[in-house]
Amino acid sequence: DPSRALPQAGEWGSGRGQLRFPWGCSYCAALDLLYVTDSGNRRVCIFDPSDLCFLSSFGSGDDDFGRDVELVEPRGCTVDGNKLFVADAGAGVVQCFMVSGQHSHAIGSQGRGPGRFDRPSGVAVRGDQLLVTEIGNARLQILSLDGLPLQIVNLRAACSGICVEGDLAVVTALQPEQRDSEAHVRRHLHAVHLLGFHKMRLDDD
């Protein structure tokens, strides 16, 4: 019924089921759970996808798993099997959790070299590869699932979100520029063909 109101989750705040700057989401088919990164509250929230009822949260240091790890600025996330990868822009790492919410390990560290990140924002899994976009380093990094750096694709723009389908990755990017003595931000998409890593700009405004 197109007239039926769609369910919605959360309201502004820091309590249970509340959100401050929700950023990324990913669905776990095996458990039928929806994960949402709550960037302003430094946590990941879990919802029932059928009615968007809040179930639990983790990563803030104030949850069932204690202070094993505390997220700083969680952004993109993706489920792969029994793991959830979360790009933590504030910490400069990708955190790996079990889908239960228990912390597994961290990938990378703050920096510019291979296997290091400057404000990682988007994350996706393609087979046995982890793809991470970086705002600070303006690039897409391809790593093994345990964090071994494999390839760097320099896109020369602040890379944010990423979507992967087959051998194609589409990356959202922002690029500041000057027009008539005024600062503007150019928004565009990059398509990266992962076989051979050929890149192509799709849209530019």
# chains A, B, ... in the order shown; residues from 1 in each chain; ligands from 1
>>> residues_around(residues="stretch 86-92 of chain A", least_positions_apart="6", cutoff="7 Å", atoms="only C-alpha atoms", output="ChimeraX atom specification")
/A:71-78,109-110,117-123
>>> write_last_selection(atoms="C-alpha atoms", output="JSON list (two decimals), in the first residue's frame")
[["chain", "number", "residue", "atom", "x", "y", "z"],
["A", 71, "LEU", "CA", 34.51, 4.03, 18.88],
["A", 72, "VAL", "CA", 35.43, 7.67, 18.22],
["A", 73, "GLU", "CA", 33.58, 8.60, 15.01],
["A", 74, "PRO", "CA", 31.99, 5.53, 13.39],
["A", 75, "ARG", "CA", 30.93, 6.08, 9.79],
["A", 76, "GLY", "CA", 30.51, 3.40, 7.14],
["A", 77, "CYS", "CA", 29.89, -0.22, 8.10],
["A", 78, "THR", "CA", 29.40, -3.53, 6.33],
["A", 109, "SER", "CA", 46.37, 2.84, 12.22],
["A", 110, "GLN", "CA", 46.42, 6.61, 11.72],
["A", 117, "PHE", "CA", 44.25, 5.59, 7.25],
["A", 118, "ASP", "CA", 43.40, 9.28, 7.50],
["A", 119, "ARG", "CA", 39.68, 9.62, 8.34],
["A", 120, "PRO", "CA", 38.44, 6.33, 6.87],
["A", 121, "SER", "CA", 34.78, 6.77, 5.97],
["A", 122, "GLY", "CA", 33.39, 4.06, 3.69],
["A", 123, "VAL", "CA", 33.98, 0.33, 3.92]]
>>> residues_around(residues="A:Asp128", least_positions_apart="4", cutoff="9 Å", atoms="only C-alpha atoms", output="ChimeraX atom specification")
/A:143-145
>>> select_by_dssp(residues="stretch 7-89 of chain A", states="strand (DSSP E or B)", output="JSON, numbers by chain")
{"A": [12, 19, 22, 23, 24, 25, 26, 27, 28, 33, 34, 35, 36, 37, 38, 43, 44, 45, 46, 47, 48, 53, 54, 55, 56, 57, 58, 74, 75, 76, 77, 78, 79, 80, 83, 84, 85, 86, 87, 88]}
>>> atom_distance(atom1="atom CA of A:Cys53", atom2="atom CA of A:Glu70")
23.8 Å
>>> residues_around(residues="stretch 132-142 of chain A", least_positions_apart="4", cutoff="10 Å", atoms="only C-alpha atoms", output="ChimeraX atom specification")
/A:76,86-87,89,92-94,111-126,147-162,169,171-175,192,194
>>> atom_distance(atom1="atom CA of A:Pro22", atom2="atom CA of A:Val99")
18.5 Å
>>> residues_around(residues="A:Arg43", least_positions_apart="6", cutoff="6 Å", atoms="only C-alpha atoms", output="number ranges by chain")
A: 58-60
>>> write_last_selection(atoms="N, CA and C atoms", output="mmCIF file, in the first residue's frame")
data_model
loop_
_atom_site.group_PDB
_atom_site.id
_atom_site.type_symbol
_atom_site.label_atom_id
_atom_site.label_comp_id
_atom_site.auth_asym_id
_atom_site.auth_seq_id
_atom_site.Cartn_x
_atom_site.Cartn_y
_atom_site.Cartn_z
ATOM 1 N N PHE A 58 26.404 -1.140 20.853
ATOM 2 C CA PHE A 58 27.750 -1.490 21.322
ATOM 3 C C PHE A 58 28.752 -0.515 20.736
ATOM 4 N N GLY A 59 29.952 -0.504 21.326
ATOM 5 C CA GLY A 59 31.048 0.322 20.816
ATOM 6 C C GLY A 59 31.261 1.623 21.553
ATOM 7 N N SER A 60 30.354 1.971 22.478
ATOM 8 C CA SER A 60 30.484 3.242 23.182
ATOM 9 C C SER A 60 31.211 3.103 24.511
#
>>> atom_distance(atom1="atom CA of A:Asn41", atom2="atom CA of A:Arg20")
6.0 Å
